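Chemist: Have a look at this one.
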Amino acid sequence: MAFLTGQIVAGLLVGAFYAMIALGYSMVYGIMRLINFAHGDLYMVGAFLGFSLFGIAGASSGNSMLMSAGIMVLVMCLVGLLGVAIERVAYRPLRRAPLLSVMITALGMSLILENGVLVTPGWGSLYLVFPASLSSRSLTLLGYQLTLGQLELAIIAVVLMAALYLFVQTTMTGKAMRAIAIDKDASALMGINVDVVIAITFFMGAALAGIAGVLGGMYYGQINYLMGFDLGLKAFTAAVLGGIGNIPGAVLGGFLLGVLESIGGGYLGSEWASVFSFSILILLLVVRPTGILGEKLGARM
């Protein structure tokens with residue numbers, strides 16, 4: 001039982017990363033019906049920006065809660081603006097283009113981000129040790145030994161995801177997002193500035209990916225320019241599992257995929273973790289193609 005509890009806790013922590021990135025996939029798809037394949041690489045860019053900013057601030061900055069929070073907020077803003085720029089340059093001109101053209105553009109943007117980091121001085125292709133880490137002090141919670149850093153990671157992830165959900169559900173901008181998700185043309189006729197709302201959506205999704213990148217660097221201890229590809233693919237899978245276009249579904253899918261991976265890896269071996277979790281995904285989608293909380297097209301977010 002103790003071993004199972006440990007696997008579930010580890011899976012929930014990894015699932016927090018999947019969920020934060022899956023939210024970006026779901027929000028963009030809910031509004032634009034676009035799979036933004038470059039979204040996972042925004043997680044990677046956030047990690048590298050955090051690496052540089054913590055390095056500039058000094059080694060002791062990782063132990064300062066105020067400094068860490070300031071760097072995380074700055075990374076969120078920078079990656080959010082990058083997400084807006086990507087939407088403006090790469091996706092907005094192709095909004096009426098065939099779906100295949102947009103998907104190819106998204107893949108191209110992913111390669112641009114990866115190779116941009118690859119050729120940036122001080123970053124490159126090697127694995128880099130992240131200059132800050134989560135607290136290693138431990139506490140016992142429900143009989144399980146949990147580090148304070150793991151608890152902080154979980155709290156930050158849950159607070160950010162809850163704040164996003166409340167924003168979408170209660171604010172005028174959030175209502176505009178939901179209106180565009182249902183009918184973009186009718187929303188424009190009713191006076192909603194579709195371009196601005198889509199830009200805000202990209203900013204929020206990219207900002208979440210950016211802070212997830214910083215937390216990922218602090219949690220795993222190292223970063224690499226290809227780190228966003230695998231995690232982005234799994235986050236997309238989590239969004240599909242929960243019901244893509246649905247914000248609670250993205251969160252549920254992220255945590256569920258993380259737990260399934262952790263349990264499968266714990267009992268079958270790490271090499272079987274992805275096989276186990278994706279097999280469950282395939283079986284679920286055979287029964288429910290829209291995902292756990294997915295709804296018919298038009299009832300999104």
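Chain labels run A, B, ... following the order of the structure tokens; each chain numbers its residues from 1, and ligands are numbered from 1 in the order shown.
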Find the nearest atom pair between each residue of region 190-278 of chain A and region 93-99 of chain A for residues within 12 Å, count only C-alpha atoms, give distances in Å to one decimal, sort rows by chain and ascending number, and present the table as a Markdown table.
Modeler:
| residue | atom | partner | partner_atom | distance |
| --- | --- | --- | --- | --- |
| A:Val194 | CA | A:Arg95 | CA | 11.7 |
| A:Asp195 | CA | A:Arg95 | CA | 10.6 |
| A:Ile198 | CA | A:Arg95 | CA | 11.3 |
Chemist: Those residues you just picked out, can you put them in a file as a PDB file, in the first residue's frame with all heavy atoms?
Modeler:
ATOM      1  N   VAL A 194     -12.537  39.470 -31.822  1.00  0.00           N
ATOM      2  CA  VAL A 194     -12.071  38.082 -31.873  1.00  0.00           C
ATOM      3  C   VAL A 194     -10.550  38.004 -31.820  1.00  0.00           C
ATOM      4  O   VAL A 194      -9.983  37.160 -31.120  1.00  0.00           O
ATOM      5  CB  VAL A 194     -12.607  37.378 -33.137  1.00  0.00           C
ATOM      6  CG1 VAL A 194     -12.010  35.974 -33.272  1.00  0.00           C
ATOM      7  CG2 VAL A 194     -14.127  37.293 -33.091  1.00  0.00           C
ATOM      8  N   ASP A 195      -9.867  38.895 -32.538  1.00  0.00           N
ATOM      9  CA  ASP A 195      -8.406  38.855 -32.573  1.00  0.00           C
ATOM     10  C   ASP A 195      -7.807  39.071 -31.188  1.00  0.00           C
ATOM     11  O   ASP A 195      -6.853  38.392 -30.796  1.00  0.00           O
ATOM     12  CB  ASP A 195      -7.862  39.914 -33.537  1.00  0.00           C
ATOM     13  CG  ASP A 195      -8.136  39.571 -34.988  1.00  0.00           C
ATOM     14  OD1 ASP A 195      -8.362  38.379 -35.273  1.00  0.00           O
ATOM     15  OD2 ASP A 195      -8.121  40.485 -35.838  1.00  0.00           O
ATOM     16  N   ILE A 198      -8.463  35.961 -28.927  1.00  0.00           N
ATOM     17  CA  ILE A 198      -7.581  34.847 -29.299  1.00  0.00           C
ATOM     18  C   ILE A 198      -6.160  35.111 -28.819  1.00  0.00           C
ATOM     19  O   ILE A 198      -5.472  34.207 -28.315  1.00  0.00           O
ATOM     20  CB  ILE A 198      -7.623  34.617 -30.815  1.00  0.00           C
ATOM     21  CG1 ILE A 198      -8.980  34.022 -31.224  1.00  0.00           C
ATOM     22  CG2 ILE A 198      -6.493  33.678 -31.258  1.00  0.00           C
ATOM     23  CD1 ILE A 198      -9.160  33.831 -32.708  1.00  0.00           C
TER      24      ILE A 198
END
Chemist: Determine, counting only C-alpha atoms, which protein, DNA and RNA residues have an atom within 12 Å of an atom of Gln150 (chain A); residues of the same chain fewer than 2 positions away are not included. Present the result as a PyMOL selection string.
Modeler: chain A and resi 9-14+16+133-139+141+145-148+152-157+215-216+218-220
Chemist: For Ile244 (chain A), work out the shell of residues within 8 Å, counting only C-alpha atoms and skipping chain neighbours fewer than 5 positions away, then give it as a list of chain:residue names.
Modeler: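 Returned residues: A:Tyr25, A:Ser26, A:Tyr29, A:Gly30, A:Ala239, A:Gly249, A:Ala250, A:Thr290, A:Gly291, A:Gly294.
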Chemist: Would you mind exporting N, CA, C and O atoms of the selected residues as a CSV table (one decimal), in the first residue's frame?
Modeler:
chain,number,residue,atom,x,y,z
A,25,TYR,N,-3.3,23.5,-24.9
A,25,TYR,CA,-3.8,22.8,-26.1
A,25,TYR,C,-5.3,22.9,-26.1
A,25,TYR,O,-5.9,23.2,-27.2
A,26,SER,N,-6.0,22.7,-25.0
A,26,SER,CA,-7.5,22.7,-25.0
A,26,SER,C,-8.0,24.1,-25.2
A,26,SER,O,-9.0,24.2,-26.0
A,29,TYR,N,-7.5,24.9,-29.0
A,29,TYR,CA,-8.4,24.1,-29.8
A,29,TYR,C,-9.9,24.5,-29.6
A,29,TYR,O,-10.7,24.5,-30.6
A,30,GLY,N,-10.3,24.8,-28.4
A,30,GLY,CA,-11.6,25.2,-28.1
A,30,GLY,C,-12.1,26.4,-28.9
A,30,GLY,O,-13.2,26.6,-29.3
A,239,ALA,N,-4.9,16.0,-22.9
A,239,ALA,CA,-6.0,16.9,-23.3
A,239,ALA,C,-7.1,16.0,-24.1
A,239,ALA,O,-8.3,16.2,-23.8
A,249,GLY,N,-11.6,19.0,-18.3
A,249,GLY,CA,-11.1,17.8,-18.9
A,249,GLY,C,-9.6,17.7,-19.1
A,249,GLY,O,-9.0,16.7,-18.9
A,250,ALA,N,-9.0,18.8,-19.4
A,250,ALA,CA,-7.6,18.9,-19.6
A,250,ALA,C,-6.9,18.6,-18.3
A,250,ALA,O,-5.9,17.9,-18.2
A,290,THR,N,-14.8,11.1,-27.5
A,290,THR,CA,-14.7,12.5,-27.1
A,290,THR,C,-13.9,12.8,-25.9
A,290,THR,O,-13.7,13.9,-25.5
A,291,GLY,N,-13.5,11.7,-25.2
A,291,GLY,CA,-12.7,11.9,-23.9
A,291,GLY,C,-13.7,11.8,-22.8
A,291,GLY,O,-14.9,11.8,-22.9
A,294,GLY,N,-15.4,15.2,-22.6
A,294,GLY,CA,-15.6,15.8,-23.8
A,294,GLY,C,-17.1,15.9,-24.2
A,294,GLY,O,-17.9,15.1,-23.8
Chemist: Taking the DSSP secondary structure from the backbone, can you list the residues of region 18-247 of chain A that are helix (DSSP H, G or I), as a PyMOL selection string?
Modeler: chain A and resi 18-32+39-57+59-63+65-94+99-119+148-170+172-182+184-189+194-220+227-242+247
Chemist: Have a look at A:Leu160, A:Arg33, A:Arg288, A:Met177 and name the one nearest to Ile211 (chain A); count only C-alpha atoms.
Modeler: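 Under the stated criterion, the closest residue is A:Leu160.
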Chemist: Hey, which of A:Val158, A:Phe278, A:Leu164, A:Val45 ends up closest to Val240 (chain A)? Count only C-alpha atoms.
Modeler: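 Nearest candidate to Val240 (chain A) out of A:Val158, A:Phe278, A:Leu164, A:Val45: A:Phe278.
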